[in-house]
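Report on one structure; see the data block that follows.
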Amino acid sequence: MRKTYIALCAAIALAACGQSAEAPAEAEAPAAPQSLMDQAQAQAPEMQPVFAYQQLVAYQQAHPEMTPPCTAPRATESRGIIPATVSADSIYAAHAGSLVFSVQCGELRSGTRFDPREHWLVVFAPGAMEPAVVNCADAQGIDLCPHTVPITVPTPTPAP
């Protein structure tokens, strides 16, 4: 028993000798704040729409003129990064290169139709620290945010 105790003490003393008592001479500089797009992309894919909804709610709290407020999410989905070939007459055209999420808010009853006035796009532009939030309804209440991002197909150049 006494030999085991001495061996244990010796092992602890050797382990302690190998550690440096000095703190690092130079502290690491704090990391630069990430853009919201970087923050969203760093999350697991299933958490990205949740992050977009949270950003929508925070944005609406900071901008109470954005009505109607989103009190409950009914559907959230990623539209992905909007390609440069997005159709110029689409609501998505102004957001080419940005990561876009669709958030449909409203009552949580399955028999209730989606209301375009409660449909929002949450846009994370490269380098931006605040999202752009766009309501999908036009003046007549028609939804301008199709599920599939419309793209233009470039016409092939004939070979000489």
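Residues are referred to by chain and number: the chain letter is A, B, ... according to the order shown in the structure tokens, the number counts from 1 in that chain, and ligands are numbered separately from 1 in the order shown.
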
> Which residues, written as a ChimeraX atom specification, have at least one atom at most 7 Å from A:Val123, with only C-alpha atoms counted and residues fewer than 3 positions away on the same chain left out?
Replying inline: /A:98-101,131-133

>> For the structure I just gave you, how does DSSP split stretch 76-158 of chain A - specifically, which residues are strand (DSSP E or B)? Reply as a PyMOL selection string.
In response: chain A and resi 76-81+86+99-105+119-124+132-135+137+143+151

Per residue of stretch 62-100 of chain A within 8 Å of stretch 38-53 of chain A, note the shortest atom pair and the distance in Å to one decimal, counting only C-alpha atoms, and order the rows by chain and increasing residue number, as CSV.
residue,atom,partner,partner_atom,distance
A:Pro73,CA,A:Tyr53,CA,7.4
A:Thr76,CA,A:Pro49,CA,5.6
A:Glu77,CA,A:Pro49,CA,5.8
A:Ser78,CA,A:Pro49,CA,6.5

Store the residues picked out above, limited to all heavy atoms, as an mmCIF file, in the first residue's frame.
data_model
loop_
_atom_site.group_PDB
_atom_site.id
_atom_site.type_symbol
_atom_site.label_atom_id
_atom_site.label_comp_id
_atom_site.auth_asym_id
_atom_site.auth_seq_id
_atom_site.Cartn_x
_atom_site.Cartn_y
_atom_site.Cartn_z
ATOM 1 N N PRO A 73 -44.392 30.985 -36.205
ATOM 2 C CA PRO A 73 -43.988 30.502 -37.531
ATOM 3 C C PRO A 73 -44.824 29.289 -37.940
ATOM 4 O O PRO A 73 -45.028 28.383 -37.158
ATOM 5 C CB PRO A 73 -42.529 30.117 -37.328
ATOM 6 C CG PRO A 73 -42.455 29.711 -35.890
ATOM 7 C CD PRO A 73 -43.447 30.581 -35.167
ATOM 8 N N THR A 76 -40.921 27.487 -42.303
ATOM 9 C CA THR A 76 -39.652 28.172 -42.590
ATOM 10 C C THR A 76 -38.840 27.267 -43.490
ATOM 11 O O THR A 76 -38.791 26.061 -43.282
ATOM 12 C CB THR A 76 -38.848 28.458 -41.302
ATOM 13 O OG1 THR A 76 -38.618 27.236 -40.611
ATOM 14 C CG2 THR A 76 -39.559 29.436 -40.397
ATOM 15 N N GLU A 77 -38.240 27.858 -44.495
ATOM 16 C CA GLU A 77 -37.404 27.056 -45.394
ATOM 17 C C GLU A 77 -36.362 27.933 -46.072
ATOM 18 O O GLU A 77 -36.562 29.124 -46.244
ATOM 19 C CB GLU A 77 -38.240 26.309 -46.430
ATOM 20 C CG GLU A 77 -39.065 27.176 -47.312
ATOM 21 C CD GLU A 77 -39.968 26.377 -48.237
ATOM 22 O OE1 GLU A 77 -40.330 25.233 -47.920
ATOM 23 O OE2 GLU A 77 -40.299 26.914 -49.304
ATOM 24 N N SER A 78 -35.292 27.298 -46.435
ATOM 25 C CA SER A 78 -34.203 27.994 -47.104
ATOM 26 C C SER A 78 -34.478 28.077 -48.596
ATOM 27 O O SER A 78 -34.929 27.123 -49.211
ATOM 28 C CB SER A 78 -32.887 27.253 -46.868
ATOM 29 O OG SER A 78 -31.854 27.863 -47.616
#

>> Can you tell me which residues surround stretch 105-119 of chain A at a distance of at most 7 Å, considering only C-alpha atoms, apart from same-chain residues fewer than 3 positions away, and format the answer as a PyMOL selection string?
In response: chain A and resi 68+70-75+135-137+141-143

> Can you list, as a ChimeraX atom specification, every residue of stretch 45-144 of chain A that DSSP puts in helix (DSSP H, G or I)?
Replying inline: /A:48-62,93-95,116-118

Selection file, N, CA and C atoms, as a compact mmCIF listing (two decimals), in the first residue's frame:
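result17.txt, freshly written:
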# COMPACT_ATOMS: atom_id res chain seq x y z
N GLN A 48 -30.68 26.40 -39.33
CA GLN A 48 -30.63 27.64 -40.10
C GLN A 48 -31.99 28.32 -40.22
N PRO A 49 -33.09 27.59 -40.53
CA PRO A 49 -34.40 28.26 -40.58
C PRO A 49 -34.83 28.81 -39.22
N VAL A 50 -34.45 28.14 -38.14
CA VAL A 50 -34.75 28.63 -36.80
C VAL A 50 -34.02 29.96 -36.57
N PHE A 51 -32.76 30.02 -36.97
CA PHE A 51 -31.98 31.24 -36.86
C PHE A 51 -32.64 32.36 -37.66
N ALA A 52 -33.11 32.04 -38.87
CA ALA A 52 -33.77 33.05 -39.71
C ALA A 52 -35.04 33.58 -39.03
N TYR A 53 -35.83 32.68 -38.45
CA TYR A 53 -37.04 33.11 -37.73
C TYR A 53 -36.67 34.02 -36.56
N GLN A 54 -35.65 33.66 -35.80
CA GLN A 54 -35.21 34.47 -34.67
C GLN A 54 -34.76 35.86 -35.14
N GLN A 55 -34.08 35.91 -36.27
CA GLN A 55 -33.64 37.19 -36.81
C GLN A 55 -34.84 38.02 -37.28
N LEU A 56 -35.85 37.38 -37.85
CA LEU A 56 -37.07 38.08 -38.26
C LEU A 56 -37.75 38.72 -37.06
N VAL A 57 -37.92 37.96 -35.99
CA VAL A 57 -38.57 38.47 -34.79
C VAL A 57 -37.77 39.64 -34.21
N ALA A 58 -36.45 39.50 -34.13
CA ALA A 58 -35.61 40.57 -33.60
C ALA A 58 -35.70 41.82 -34.48
N TYR A 59 -35.72 41.62 -35.79
CA TYR A 59 -35.83 42.74 -36.72
C TYR A 59 -37.16 43.45 -36.55
N GLN A 60 -38.24 42.68 -36.44
CA GLN A 60 -39.56 43.29 -36.28
C GLN A 60 -39.70 44.01 -34.94
N GLN A 61 -39.04 43.53 -33.91
CA GLN A 61 -39.06 44.23 -32.63
C GLN A 61 -38.33 45.56 -32.73
N ALA A 62 -37.25 45.59 -33.50
CA ALA A 62 -36.49 46.82 -33.69
C ALA A 62 -37.16 47.77 -34.69
N ALA A 93 -34.41 39.08 -57.25
CA ALA A 93 -33.34 39.68 -58.07
C ALA A 93 -32.45 40.64 -57.27
N ALA A 94 -33.02 41.38 -56.37
CA ALA A 94 -32.24 42.34 -55.58
C ALA A 94 -31.33 41.66 -54.57
N HIS A 95 -31.47 40.35 -54.42
CA HIS A 95 -30.73 39.63 -53.38
C HIS A 95 -29.79 38.56 -53.93
N PRO A 116 -50.39 35.78 -47.54
CA PRO A 116 -49.18 36.39 -48.11
C PRO A 116 -48.67 37.59 -47.32
N ARG A 117 -49.56 38.29 -46.61
CA ARG A 117 -49.11 39.43 -45.80
C ARG A 117 -48.27 38.98 -44.61
N GLU A 118 -48.35 37.69 -44.27
CA GLU A 118 -47.55 37.15 -43.17
C GLU A 118 -46.41 36.27 -43.68

>> Env of A:Thr148: 12 Å cut, atoms = only C-alpha atoms, seq-sep filter 2 positions within chain, self excluded. Answer as a PyMOL selection string.
In response: chain A and resi 77-80+82-83+86-87+90-92+100-102+144-146+150-151
